[in-house]
Every structure is written in C-alpha cells, then in structure tokens.
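Shown below: start.csv, with CSV, C-alpha atoms and all ligand atoms.
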chain,number,residue,atom,x,y,z
A,981,MET,CA,32.5,21.9,90.2
A,982,GLU,CA,32.7,21.1,86.6
A,983,LYS,CA,35.8,19.0,85.7
A,984,LEU,CA,38.4,20.5,83.4
A,985,ARG,CA,38.3,18.7,80.0
A,986,VAL,CA,41.8,17.5,79.0
A,987,ALA,CA,43.0,15.9,75.8
A,988,VAL,CA,46.5,14.4,75.3
A,989,SER,CA,48.5,14.3,72.1
A,990,GLY,CA,51.2,11.6,72.0
A,991,ALA,CA,48.8,9.5,74.1
A,992,PHE,CA,50.3,6.3,72.8
A,993,GLY,CA,53.9,7.3,73.8
A,994,ARG,CA,55.7,6.8,77.1
A,995,MET,CA,55.0,10.3,78.5
A,996,GLY,CA,51.5,10.6,77.0
A,997,ARG,CA,50.4,7.3,78.6
A,998,GLU,CA,51.6,8.5,82.0
A,999,VAL,CA,49.7,11.8,81.5
A,1000,CYS,CA,46.5,10.0,80.5
A,1001,ARG,CA,46.7,7.8,83.7
A,1002,THR,CA,47.3,10.8,85.9
A,1003,VAL,CA,44.5,12.8,84.4
A,1004,LEU,CA,42.1,9.8,84.8
A,1005,ASP,CA,43.1,9.6,88.5
A,1006,ASP,CA,42.5,13.3,89.2
A,1007,ASP,CA,39.0,14.1,90.6
A,1008,ASN,CA,39.0,17.5,89.0
A,1009,LEU,CA,40.1,16.5,85.5
A,1010,ASP,CA,38.3,14.7,82.7
A,1011,LEU,CA,40.2,12.8,80.0
A,1012,VAL,CA,38.2,13.5,76.8
A,1013,GLY,CA,40.6,12.9,73.9
A,1014,ALA,CA,43.7,10.9,73.0
A,1015,PHE,CA,45.7,11.6,69.9
A,1016,ASP,CA,48.6,9.8,68.4
A,1017,SER,CA,49.9,8.6,65.1
A,1018,HIS,CA,50.1,5.0,66.6
A,1019,GLY,CA,47.4,2.8,68.1
A,1020,LYS,CA,44.7,4.6,66.1
A,1021,GLU,CA,41.1,3.4,66.9
A,1022,ASN,CA,42.3,1.6,70.0
A,1023,ASP,CA,40.5,2.6,73.2
A,1024,ILE,CA,42.9,4.6,75.4
A,1025,GLY,CA,41.4,3.0,78.6
A,1026,LEU,CA,42.2,-0.5,77.3
A,1027,GLU,CA,45.7,0.6,76.1
A,1028,LEU,CA,46.4,1.7,79.7
A,1029,GLY,CA,45.2,-1.7,81.1
A,1030,ARG,CA,42.0,-0.1,82.5
A,1031,ARG,CA,38.3,-0.3,81.5
A,1032,ASN,CA,37.0,0.7,78.1
A,1033,LEU,CA,36.5,4.5,78.3
A,1034,GLY,CA,34.9,4.9,74.9
A,1035,ILE,CA,37.8,7.2,73.9
A,1036,LYS,CA,39.5,6.1,70.7
A,1037,ILE,CA,43.0,7.2,69.9
A,1038,LYS,CA,42.8,9.4,66.8
A,1039,GLU,CA,45.0,11.5,64.5
A,1040,LEU,CA,45.2,15.1,65.9
A,1041,THR,CA,43.3,17.3,63.5
A,1042,PRO,CA,41.3,20.5,64.0
A,1043,LYS,CA,38.1,18.4,63.5
A,1044,SER,CA,39.1,15.6,66.0
A,1045,LEU,CA,40.2,18.1,68.6
A,1046,GLU,CA,37.1,20.2,68.3
A,1047,GLU,CA,34.9,17.1,68.5
A,1048,CYS,CA,36.2,16.2,72.0
A,1049,ARG,CA,35.5,19.7,73.3
A,1050,ALA,CA,38.7,19.8,75.3
A,1051,LYS,CA,39.8,23.0,77.1
A,1052,VAL,CA,43.4,21.9,77.5
A,1053,LEU,CA,45.7,19.9,75.1
A,1054,VAL,CA,48.7,18.3,76.8
A,1055,ASP,CA,51.4,17.6,74.1
A,1056,PHE,CA,54.2,15.1,74.6
A,1057,THR,CA,55.0,14.2,71.0
A,1058,THR,CA,58.1,14.9,68.9
A,1059,PRO,CA,60.1,18.0,67.9
A,1060,MET,CA,59.0,17.5,64.3
A,1061,SER,CA,55.3,17.7,65.1
A,1062,VAL,CA,55.0,19.9,68.2
A,1063,LEU,CA,54.7,23.2,66.3
A,1064,HIS,CA,51.9,21.9,64.1
A,1065,ASN,CA,50.1,20.5,67.2
A,1066,ILE,CA,50.3,23.8,69.0
A,1067,ASP,CA,48.9,25.6,65.9
A,1068,ILE,CA,46.0,23.2,65.7
A,1069,SER,CA,45.3,23.6,69.4
A,1070,LEU,CA,45.3,27.4,69.4
A,1071,LYS,CA,43.2,27.6,66.2
A,1072,SER,CA,40.7,25.2,67.8
A,1073,GLY,CA,40.4,27.4,70.9
A,1074,VAL,CA,42.2,24.9,73.1
A,1075,ARG,CA,45.0,25.9,75.5
A,1076,PRO,CA,48.2,23.9,75.0
A,1077,VAL,CA,50.4,22.5,77.8
A,1078,VAL,CA,53.6,21.4,76.1
A,1079,GLY,CA,56.3,19.1,77.4
A,1080,THR,CA,57.8,18.1,74.0
A,1081,THR,CA,61.4,19.2,73.8
A,1082,GLY,CA,63.4,20.5,70.9
A,1083,ILE,CA,61.6,23.8,70.7
A,1084,THR,CA,64.0,26.6,69.7
A,1085,HIS,CA,64.1,30.3,70.7
A,1086,VAL,CA,62.9,31.2,67.2
A,1087,ASP,CA,60.0,28.8,67.6
A,1088,LEU,CA,59.1,30.3,71.0
A,1089,THR,CA,58.9,33.8,69.5
A,1090,ARG,CA,56.5,32.4,66.8
A,1091,ILE,CA,54.4,30.5,69.4
A,1092,SER,CA,54.2,33.5,71.6
A,1093,GLU,CA,52.7,35.5,68.7
A,1094,TRP,CA,50.2,32.7,67.9
A,1095,VAL,CA,49.1,32.6,71.6
A,1096,ASP,CA,48.7,36.4,71.7
A,1097,ARG,CA,46.7,36.4,68.4
A,1098,SER,CA,44.4,33.6,69.7
A,1099,GLY,CA,43.7,35.5,73.0
A,1100,LEU,CA,44.3,32.2,74.8
A,1101,SER,CA,47.3,31.1,77.0
A,1102,ALA,CA,49.8,28.3,76.9
A,1103,VAL,CA,52.5,26.6,79.0
A,1104,ILE,CA,55.7,25.2,77.6
A,1105,ALA,CA,58.1,23.5,80.0
A,1106,PRO,CA,61.2,21.6,78.9
A,1107,ASN,CA,61.1,19.9,82.3
A,1108,PHE,CA,58.0,19.3,84.4
A,1109,ALA,CA,59.9,17.7,87.3
A,1110,LEU,CA,59.8,20.1,90.3
A,1111,GLY,CA,63.3,18.9,91.4
A,1112,ALA,CA,64.7,19.8,88.0
A,1113,VAL,CA,63.1,23.3,88.2
A,1114,LEU,CA,64.8,23.8,91.5
A,1115,MET,CA,68.1,22.5,90.1
A,1116,MET,CA,67.9,25.2,87.4
A,1117,THR,CA,66.9,27.9,89.9
A,1118,PHE,CA,69.8,26.9,92.3
A,1119,SER,CA,72.2,27.0,89.3
A,1120,SER,CA,71.1,30.5,88.4
A,1121,ILE,CA,72.0,31.5,92.0
A,1122,ALA,CA,75.3,29.6,92.1
A,1123,VAL,CA,76.6,31.3,88.9
A,1124,ARG,CA,76.7,34.6,90.8
A,1125,TYR,CA,79.6,33.2,92.8
A,1126,PHE,CA,81.0,30.6,90.4
A,1127,PRO,CA,81.0,32.0,86.8
A,1128,GLN,CA,82.5,28.8,85.3
A,1129,ALA,CA,79.9,26.2,84.7
A,1130,GLU,CA,79.5,23.0,82.6
A,1131,ILE,CA,76.4,20.9,82.1
A,1132,ILE,CA,76.2,17.1,81.8
A,1133,GLU,CA,72.8,15.8,80.8
A,1134,MET,CA,72.0,12.1,80.7
A,1135,HIS,CA,69.0,10.5,79.1
A,1136,HIS,CA,67.6,7.2,77.9
A,1137,ASP,CA,68.8,6.1,74.4
A,1138,GLN,CA,65.4,6.6,72.8
A,1139,LYS,CA,65.6,10.4,73.2
A,1140,ILE,CA,66.0,11.9,69.7
A,1141,ASP,CA,67.0,15.5,70.5
A,1142,ALA,CA,70.3,16.7,71.9
A,1143,PRO,CA,71.2,18.6,74.0
A,1144,SER,CA,68.0,18.2,76.1
A,1145,GLY,CA,65.6,21.1,76.4
A,1146,THR,CA,66.4,21.2,80.1
A,1147,ALA,CA,70.1,21.6,79.5
A,1148,LEU,CA,69.5,24.5,77.0
A,1149,LYS,CA,67.1,26.2,79.5
A,1150,THR,CA,69.6,25.8,82.3
A,1151,ALA,CA,72.4,27.3,80.2
A,1152,ASP,CA,70.0,30.2,79.4
A,1153,MET,CA,69.2,30.8,83.1
A,1154,ILE,CA,72.9,30.6,84.1
A,1155,ALA,CA,74.0,33.0,81.3
A,1156,SER,CA,71.3,35.5,82.1
A,1157,ASN,CA,72.3,35.6,85.8
A,1158,ARG,CA,76.1,35.5,85.3
A,1159,GLN,CA,77.8,38.7,86.6
A,1160,GLU,CA,81.2,37.8,85.2
A,1161,GLU,CA,82.0,36.2,81.8
A,1162,PRO,CA,84.0,32.9,82.1
A,1163,LEU,CA,87.5,33.1,80.6
A,1164,GLU,CA,87.9,31.5,77.2
A,1165,LYS,CA,91.1,29.9,75.9
A,1166,ASP,CA,92.2,28.1,72.7
A,1167,GLU,CA,92.0,24.4,73.2
A,1168,LEU,CA,93.7,21.6,71.3
A,1169,LEU,CA,90.8,19.2,70.4
A,1170,LYS,CA,92.2,15.8,69.5
A,1171,LEU,CA,88.6,14.7,68.6
A,1172,PRO,CA,86.0,17.1,67.4
A,1173,GLY,CA,83.2,17.5,70.0
A,1174,ALA,CA,85.4,16.4,72.9
A,1175,ARG,CA,84.4,19.5,74.9
A,1176,GLY,CA,80.7,19.1,74.1
A,1177,ALA,CA,78.4,21.7,72.5
A,1178,VAL,CA,78.6,25.3,73.6
A,1179,GLN,CA,75.8,27.7,74.3
A,1180,ASP,CA,76.4,31.1,75.9
A,1181,LYS,CA,80.0,30.0,76.7
A,1182,ILE,CA,78.7,27.0,78.7
A,1183,HIS,CA,79.8,23.5,77.6
A,1184,ILE,CA,76.9,21.0,77.4
A,1185,HIS,CA,77.7,17.3,77.3
A,1186,SER,CA,74.9,14.8,76.3
A,1187,ILE,CA,74.9,11.2,77.3
A,1188,ARG,CA,72.4,8.7,75.8
A,1189,LEU,CA,72.3,5.2,77.4
A,1190,ASN,CA,69.8,2.5,78.0
A,1191,GLY,CA,68.8,2.4,81.7
A,1192,LEU,CA,68.8,6.1,82.2
A,1193,ILE,CA,65.6,8.2,82.4
A,1194,ALA,CA,66.5,11.9,82.8
A,1195,HIS,CA,69.4,13.2,84.8
A,1196,GLN,CA,71.5,16.4,84.9
A,1197,GLU,CA,74.5,17.7,86.7
A,1198,VAL,CA,75.6,21.3,86.6
A,1199,ILE,CA,79.2,21.6,87.8
A,1200,PHE,CA,80.6,25.0,88.9
A,1201,GLY,CA,84.3,25.6,89.2
A,1202,GLY,CA,85.9,28.0,91.7
A,1203,LEU,CA,89.2,28.5,93.4
A,1204,GLY,CA,90.2,25.1,94.9
A,1205,GLN,CA,86.6,23.9,94.8
A,1206,THR,CA,83.7,22.7,92.7
A,1207,LEU,CA,80.0,22.7,93.4
A,1208,THR,CA,77.7,20.1,91.7
A,1209,ILE,CA,74.0,20.5,91.6
A,1210,ARG,CA,72.3,17.3,90.4
A,1211,HIS,CA,68.8,16.2,89.7
A,1212,ASP,CA,67.6,12.7,88.8
A,1213,SER,CA,64.2,11.5,87.4
A,1214,TYR,CA,64.0,7.8,88.1
A,1215,ASP,CA,60.5,7.4,86.8
A,1216,ARG,CA,58.2,9.3,84.4
A,1217,SER,CA,55.8,9.8,87.4
A,1218,SER,CA,58.3,12.5,88.5
A,1219,PHE,CA,57.0,14.8,85.8
A,1220,MET,CA,53.3,14.4,86.6
A,1221,PRO,CA,52.8,16.9,89.5
A,1222,GLY,CA,54.3,19.6,87.3
A,1223,VAL,CA,52.1,18.7,84.3
A,1224,ILE,CA,48.9,18.7,86.4
A,1225,LEU,CA,49.9,22.0,88.0
A,1226,ALA,CA,50.3,23.5,84.5
A,1227,VAL,CA,47.0,22.0,83.3
A,1228,LYS,CA,45.1,23.5,86.2
A,1229,LYS,CA,46.8,26.9,85.9
A,1230,VAL,CA,46.8,27.4,82.1
A,1231,PRO,CA,43.1,28.5,82.0
A,1232,VAL,CA,43.8,31.4,84.4
A,1233,ILE,CA,47.1,32.7,83.1
A,1234,LYS,CA,47.8,35.2,80.2
A,1235,GLY,CA,49.9,34.6,77.1
A,1236,LEU,CA,52.7,32.1,76.8
A,1237,VAL,CA,54.5,30.9,80.0
A,1238,TYR,CA,57.8,29.2,79.3
A,1239,GLY,CA,59.2,27.2,82.2
A,1240,LEU,CA,57.5,25.6,85.1
A,1241,GLU,CA,59.4,27.9,87.5
A,1242,ASN,CA,57.2,30.8,86.3
A,1243,LEU,CA,54.1,29.0,87.7
A,1244,LEU,CA,55.7,28.4,91.1
A,1245,ASP,CA,56.3,30.8,93.9
A,1246,LEU,CA,60.1,30.5,94.0
A,1247,GLN,CA,61.3,33.5,95.9
A,1248,ILE,CA,64.8,32.7,97.1
A,1301,LIG,P1,57.5,8.7,72.6
A,1301,LIG,O1,57.3,7.5,73.5
A,1301,LIG,O2,58.2,8.6,71.3
A,1301,LIG,O3,56.1,9.4,72.4
A,1301,LIG,C1,55.8,10.3,71.5
A,1301,LIG,C2,54.5,9.9,70.8
A,1301,LIG,O4,53.9,11.0,70.1
A,1301,LIG,C3,54.8,8.8,69.7
A,1301,LIG,O5,53.8,7.8,69.8
A,1301,LIG,C4,54.7,9.6,68.4
A,1301,LIG,O6,54.5,8.9,67.3
A,1301,LIG,C5,53.5,10.5,68.8
A,1301,LIG,N1,53.4,11.6,67.8
A,1301,LIG,C6,54.3,12.1,66.9
A,1301,LIG,N2,53.7,13.1,66.2
A,1301,LIG,C7,52.4,13.2,66.7
A,1301,LIG,C8,51.3,14.1,66.3
A,1301,LIG,N3,51.4,15.0,65.3
A,1301,LIG,N4,50.2,13.9,66.9
A,1301,LIG,C9,50.0,13.0,67.9
A,1301,LIG,N5,51.0,12.2,68.3
A,1301,LIG,C10,52.2,12.3,67.7
A,1301,LIG,O7,58.3,9.9,73.4
A,1301,LIG,P2,58.3,10.2,75.0
A,1301,LIG,O8,59.4,9.6,75.7
A,1301,LIG,O9,56.9,10.0,75.5
A,1301,LIG,O10,58.7,11.8,74.9
A,1301,LIG,C11,57.8,12.7,74.2
A,1301,LIG,C12,58.5,14.1,74.3
A,1301,LIG,O11,58.4,14.5,75.7
A,1301,LIG,C13,59.9,14.2,73.9
A,1301,LIG,O12,60.1,15.4,73.2
A,1301,LIG,C14,60.7,14.2,75.2
A,1301,LIG,O13,61.9,14.8,75.1
A,1301,LIG,C15,59.7,15.0,76.0
A,1301,LIG,N6,59.8,14.9,77.5
A,1301,LIG,C16,59.6,16.0,78.2
A,1301,LIG,C17,59.6,16.0,79.6
A,1301,LIG,C18,59.2,17.3,80.3
A,1301,LIG,O14,59.2,17.3,81.5
A,1301,LIG,N7,59.0,18.4,79.6
A,1301,LIG,C19,59.8,14.8,80.2
A,1301,LIG,C20,60.1,13.7,79.5
A,1301,LIG,C21,60.0,13.7,78.1
A,1301,LIG,P3,55.7,8.6,66.2
A,1301,LIG,O15,56.5,7.5,66.7
A,1301,LIG,O16,54.9,8.3,64.9
A,1301,LIG,O17,56.5,9.9,66.0
As structure tokens, how would this structure be written, given the file I've shared?
Amino acid sequence: MEKLRVAVSGAFGRMGREVCRTVLDDDNLDLVGAFDSHGKENDIGLELGRRNLGIKIKELTPKSLEECRAKVLVDFTTPMSVLHNIDISLKSGVRPVVGTTGITHVDLTRISEWVDRSGLSAVIAPNFALGAVLMMTFSSIAVRYFPQAEIIEMHHDQKIDAPSGTALKTADMIASNRQEEPLEKDELLKLPGARGAVQDKIHIHSIRLNGLIAHQEVIFGGLGQTLTIRHDSYDRSSFMPGVILAVKKVPVIKGLVYGLENLLDLQI
C-alpha cells in the first residue's frame, strides 16, 4: 500500500515537532515536508535528534508545498497565520488537518466555503486529545440535567490565545444541548473580569501558568450538588492518536469536519 504523504506546518514548534516524530514512526505515513518560519534550511530529521532525512524546513508557500507533493498538511502554527496556511493548502490541492486554535465562528464559515470550492476536505479540531473530546461529549449530556455550568481551562504560559479553543467549543456544545436557560442575575464586580469571560451564558475562566500543559474542568451546579468533569493532558503525545486518526480519515471525508468527535463513533 502506498504511504500517505504528509507535510507539517509549524514543524519547528512544540506540537509540530511531536507531529513530525509521530508521522515518521507510522508505517503508513510518509513525512515529505516541514514548514516553519524558524529553523529554515535545517534538516527536520536532525532537528528531531534523528538521522538526516533530506527534508529541509522551509517557509510555507504554494510553491514549496506543491514541490513536496503532500496529500495532507497538518497545521500547528499560530492564530495569526492559520487562515493563510489553510488557503495555501487548499489552493495547492492539499487537504488540511488543523490543530491551531484561535479560529472563530466567522473564520469557520469562510473556511468551509473555501473547502467546498476546492472540492477537497479538511479537519479542524481545537483539541485532538481523545479524553478531551469525551469530556466535551459528557458535558453536553450533563447539561440536560444541570443547566448551570462554568468552565475553567488551564494551559502553559506560552499559549497566546484565551480562552482556549477547547473551552469555546465546550461552551458551544453545552449551549446547544441545554434544555433550560441558566438564571442570570446582576452581580457586583469589585474587579472587572472577576467572573471570567462569558459565551452563551457560560462563564469561562482561563489560567496560564508555567508547569501546566492543557487541562480543563467543567463544573455543573445542581440542587445541593456539583458535578465536575475534568480532563488533563500531561504530555503533547496525548494529542497524537487524534491527529493521526484525522490525517488518515481526511482523504475519505467530504467538506469541512470541525471537531474530532465527528470522526469518532460516539453513540451514547
Ligand atoms: P509553538 O511552539 O509556538 O509553534 C508554532 C510554530 O509555528 C512556531 O515555530 C511558529 O513560528 C510557526 N509558524 C507561525 N506561522 C507560521 C507559518 N505561516 N507557517 C509555518 N509555521 C509558522 O506553538 P505550539 O505549542 O506548538 O502550538 C501551536 C498551536 O497548536 C497553538 O495554536 C496551540 O493552541 C495549538 N494546540 C492545539 C492542540 C489541539 O489538540 N488542537 C493541542 C496543543 C496545541 P513563530 O514563532 O514565528 O510564530
């Protein structure tokens, strides 16, 4: 069987490196391109502490992407560059699998149009950790019985966007499965922001600290009880099974799939 040709943008970054390693270790995948604005002209194999692979890190351009003849482009870059990268990918006939966060609802509508126009497919997932996807799914069930919910998301201090894409997606899933609106009341805020940010009447609190990787708690309040659903990623390897699943599925799906849960059989 021919190996699936995969390129990675953000290959010099923390997530990108992990993706490159995982692709190299998969018998059915072939790493054919590495793109980043850092480490240019360095061999990606040597960067990962492995043998020279003859794959130099390059700037992502239509030309450099077409030259590597990738079928799939995995993107773990920045909220500022991800839209441009998806555009390059689709215009070059390459299916994007995107983990970069900070993509808004408005962006998603635009991307979906681009994907349809290209006749290709794409996966965007704010969280590729299977446990996080289950945490979101369980939360969307819990809200049927506990309409009051708040989200606390905790990430390493290098993360630049807040709240996290996972928190926003969780709020989205909770709000669309809520059968009863939570009661709202006037609050006396002694410091602005004390109650966090609010999306769909759900308060989201973002914590950024050295030592953390990616963690989230969803706390539901009910009569005389709370229910906490928590997920922790202790290592970036936690995202890799989900990324590889998306890479292998993207050639056989249609249009834009947003959220890893839509690639899993999660009938609960
Ligand atoms: P990082 O270490 O800063 O890596 C991002 C890399 O991409 C940097 O080297 C960056 O360079 C580079 N880059 C920026 N623009 C680029 C472009 N146009 N083409 C190619 N490379 C470009 O960040 P990270 O920790 O790996 O995280 C990357 C993203 O993944 C973040 O948005 C993060 O929130 C997200 N993430 C998602 C998941 C998930 O499961 N979906 C899990 C973890 C992290 P510069 O420094 O020049 O910008």
* Compute the set of protein, DNA and RNA residues whose minimum atom distance to ligand LIG 1301 (chain A) is at most 8 Å, using only C-alpha atoms and all ligand atoms, and state it as a count of residues only. => 48
Please provide as a compact mmCIF listing (two decimals) with C-alpha atoms, in the coordinates of the input all residues within 10 Å of Gly1013 (chain A), with the sequence filter that same-chain residues fewer than 4 positions apart are discarded (counting all atoms listed in the file).
# COMPACT_ATOMS: atom_id res chain seq x y z
CA ARG A 985 38.30 18.70 80.00
CA VAL A 986 41.80 17.50 79.00
CA ALA A 987 43.00 15.90 75.80
CA VAL A 988 46.50 14.40 75.30
CA SER A 989 48.50 14.30 72.10
CA ALA A 991 48.80 9.50 74.10
CA CYS A 1000 46.50 10.00 80.50
CA ILE A 1024 42.90 4.60 75.40
CA GLY A 1034 34.90 4.90 74.90
CA ILE A 1035 37.80 7.20 73.90
CA LYS A 1036 39.50 6.10 70.70
CA ILE A 1037 43.00 7.20 69.90
CA LYS A 1038 42.80 9.40 66.80
CA LEU A 1040 45.20 15.10 65.90
CA SER A 1044 39.10 15.60 66.00
CA LEU A 1045 40.20 18.10 68.60
CA GLU A 1046 37.10 20.20 68.30
CA GLU A 1047 34.90 17.10 68.50
CA CYS A 1048 36.20 16.20 72.00
CA ARG A 1049 35.50 19.70 73.30
CA ALA A 1050 38.70 19.80 75.30
CA LEU A 1053 45.70 19.90 75.10
* Could you give me, as a ChimeraX atom specification, the residues within 10 Å of Glu1161 (chain A), counting all atoms listed in the file and dropping anything in the same chain fewer than 3 positions from it? => /A:1127-1128,1155,1158,1164,1180-1181
What would the file look like if the residues just selected were written as an mmCIF file, in the coordinates of the input with C-alpha atoms?
data_model
loop_
_atom_site.group_PDB
_atom_site.id
_atom_site.type_symbol
_atom_site.label_atom_id
_atom_site.label_comp_id
_atom_site.auth_asym_id
_atom_site.auth_seq_id
_atom_site.Cartn_x
_atom_site.Cartn_y
_atom_site.Cartn_z
ATOM 1 C CA PRO A 1127 81.000 32.000 86.800
ATOM 2 C CA GLN A 1128 82.500 28.800 85.300
ATOM 3 C CA ALA A 1155 74.000 33.000 81.300
ATOM 4 C CA ARG A 1158 76.100 35.500 85.300
ATOM 5 C CA GLU A 1164 87.900 31.500 77.200
ATOM 6 C CA ASP A 1180 76.400 31.100 75.900
ATOM 7 C CA LYS A 1181 80.000 30.000 76.700
#
* Hey, can you check how far CA of Val1227 (chain A) sits from CA of Glu1021 (chain A)? -> 25.5 Å
* Asked: When you draw a straight line from CA of His1136 (chain A) to CA of Ile1187 (chain A), how long is it in Å?
  ->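 So the two atoms, CA of His1136 (chain A) and CA of Ile1187 (chain A), lie 8.3 Å apart.
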* To do: Please provide the set of residues having any atom within 9 Å of Gly1176 (chain A), restricted to all atoms listed in the file, with same-chain residues fewer than 3 positions apart removed, written as a list of chain:residue names.
  =>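 Neighbouring residues, sequence-local ones excluded: A:Pro1172, A:Gly1173, A:His1183, A:Ile1184, A:His1185, A:Ser1186.
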Can those selected residues be exported to a file as a PDB file, keeping the file's coordinate frame so that it contains C-alpha atoms?
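Output file selection.pdb follows:
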ATOM      1  CA  PRO A1172      86.000  17.100  67.400  1.00  0.00           C
ATOM      2  CA  GLY A1173      83.200  17.500  70.000  1.00  0.00           C
ATOM      3  CA  HIS A1183      79.800  23.500  77.600  1.00  0.00           C
ATOM      4  CA  ILE A1184      76.900  21.000  77.400  1.00  0.00           C
ATOM      5  CA  HIS A1185      77.700  17.300  77.300  1.00  0.00           C
ATOM      6  CA  SER A1186      74.900  14.800  76.300  1.00  0.00           C
TER       7      SER A1186
END
* Asked: Between CA of Ser1072 (chain A) and CA of Lys1043 (chain A), what is the distance, to one decimal in Å?
  -> 8.5 Å
* Counting only C-alpha atoms, figure out which residue out of A:Gln1196, A:Asn1190, A:Ser1069, A:Thr1002 gets nearest to Ala1151 (chain A). =>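 When distances to Ala1151 (chain A) are compared using only C-alpha atoms, the smallest one comes from A:Gln1196.
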* Take the point (75.1, 17.1, 94.7) as written in the file and pick out every residue within 10 Å of it, counting all atoms listed in the file; give the list as a PyMOL selection string. => chain A and resi 1115+1197-1199+1207-1211
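In this comparison, which uses only C-alpha atoms, the residue of A:Val1123, A:Leu1240, A:Val1095, A:Ile1066 approaching Pro1162 (chain A) most closely is A:Val1123.
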* Structure fact -> Among A:Arg1175, A:Lys1165, A:Arg1090, A:His1135, His1195 (chain A) is approached most closely, using all atoms listed in the file, by A:His1135
* Considering all atoms listed in the file, state which residue in the set A:Glu1130, A:Leu1148, A:Asn1032, A:Leu1063 is at the smallest distance from Leu1088 (chain A). =>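 Using all atoms listed in the file, Leu1088 (chain A) sits closest to A:Leu1063.
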* A:Val1103, A:Ser1092, A:Leu1169, A:Gly1019 ranked by distance to Leu1243 (chain A), top pick (using all atoms listed in the file) -> A:Val1103
* **Closest of A:Gly1204, A:Pro1221, A:Gly1073, A:Gly1191 to Phe1126 (chain A) - atom-to-atom distances counting all atoms listed in the file** => A:Gly1204
Limit the output to all heavy atoms and give region 1083-1090 of chain A as a compact mmCIF listing (two decimals), in the first residue's frame.
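Generated output (selection11.txt):
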# COMPACT_ATOMS: atom_id res chain seq x y z
N ILE A 1083 -9.34 29.97 16.00
CA ILE A 1083 -10.19 30.09 14.80
C ILE A 1083 -11.62 30.43 15.27
O ILE A 1083 -12.18 29.72 16.10
CB ILE A 1083 -10.16 28.77 14.00
CG1 ILE A 1083 -8.74 28.54 13.47
CG2 ILE A 1083 -11.16 28.80 12.85
CD1 ILE A 1083 -8.54 27.23 12.74
N THR A 1084 -12.18 31.50 14.73
CA THR A 1084 -13.51 31.96 15.19
C THR A 1084 -14.63 31.32 14.36
O THR A 1084 -14.37 30.70 13.32
CB THR A 1084 -13.63 33.49 15.03
OG1 THR A 1084 -13.55 33.79 13.63
CG2 THR A 1084 -12.53 34.22 15.77
N HIS A 1085 -15.87 31.54 14.80
CA HIS A 1085 -17.03 31.04 14.04
C HIS A 1085 -17.06 31.65 12.64
O HIS A 1085 -17.38 30.98 11.67
CB HIS A 1085 -18.32 31.41 14.76
CG HIS A 1085 -18.57 30.55 15.97
ND1 HIS A 1085 -18.72 29.19 15.89
CD2 HIS A 1085 -18.67 30.86 17.28
CE1 HIS A 1085 -18.91 28.71 17.10
NE2 HIS A 1085 -18.88 29.69 17.96
N VAL A 1086 -16.73 32.94 12.57
CA VAL A 1086 -16.73 33.63 11.27
C VAL A 1086 -15.67 32.98 10.37
O VAL A 1086 -15.93 32.71 9.19
CB VAL A 1086 -16.43 35.14 11.48
CG1 VAL A 1086 -16.36 35.87 10.15
CG2 VAL A 1086 -17.47 35.76 12.39
N ASP A 1087 -14.50 32.71 10.93
CA ASP A 1087 -13.44 32.05 10.15
C ASP A 1087 -13.92 30.70 9.64
O ASP A 1087 -13.67 30.33 8.49
CB ASP A 1087 -12.19 31.78 11.02
CG ASP A 1087 -11.53 33.05 11.54
OD1 ASP A 1087 -11.68 34.09 10.89
OD2 ASP A 1087 -10.86 32.97 12.59
N LEU A 1088 -14.61 29.95 10.52
CA LEU A 1088 -15.06 28.60 10.14
C LEU A 1088 -16.00 28.65 8.93
O LEU A 1088 -15.92 27.79 8.05
CB LEU A 1088 -15.77 27.92 11.32
CG LEU A 1088 -14.85 27.35 12.40
CD1 LEU A 1088 -15.67 26.86 13.58
CD2 LEU A 1088 -13.99 26.22 11.86
N THR A 1089 -16.87 29.66 8.91
CA THR A 1089 -17.80 29.79 7.78
C THR A 1089 -17.00 30.03 6.49
O THR A 1089 -17.26 29.41 5.46
CB THR A 1089 -18.76 30.97 8.03
OG1 THR A 1089 -19.33 30.79 9.31
CG2 THR A 1089 -19.84 31.06 6.98
N ARG A 1090 -16.00 30.91 6.59
CA ARG A 1090 -15.18 31.20 5.41
C ARG A 1090 -14.42 29.95 4.96
O ARG A 1090 -14.38 29.61 3.79
CB ARG A 1090 -14.14 32.27 5.75
CG ARG A 1090 -14.63 33.67 5.51
CD ARG A 1090 -13.60 34.66 6.00
NE ARG A 1090 -12.49 34.85 5.11
CZ ARG A 1090 -11.32 35.42 5.46
NH1 ARG A 1090 -11.14 35.81 6.69
NH2 ARG A 1090 -10.36 35.56 4.60
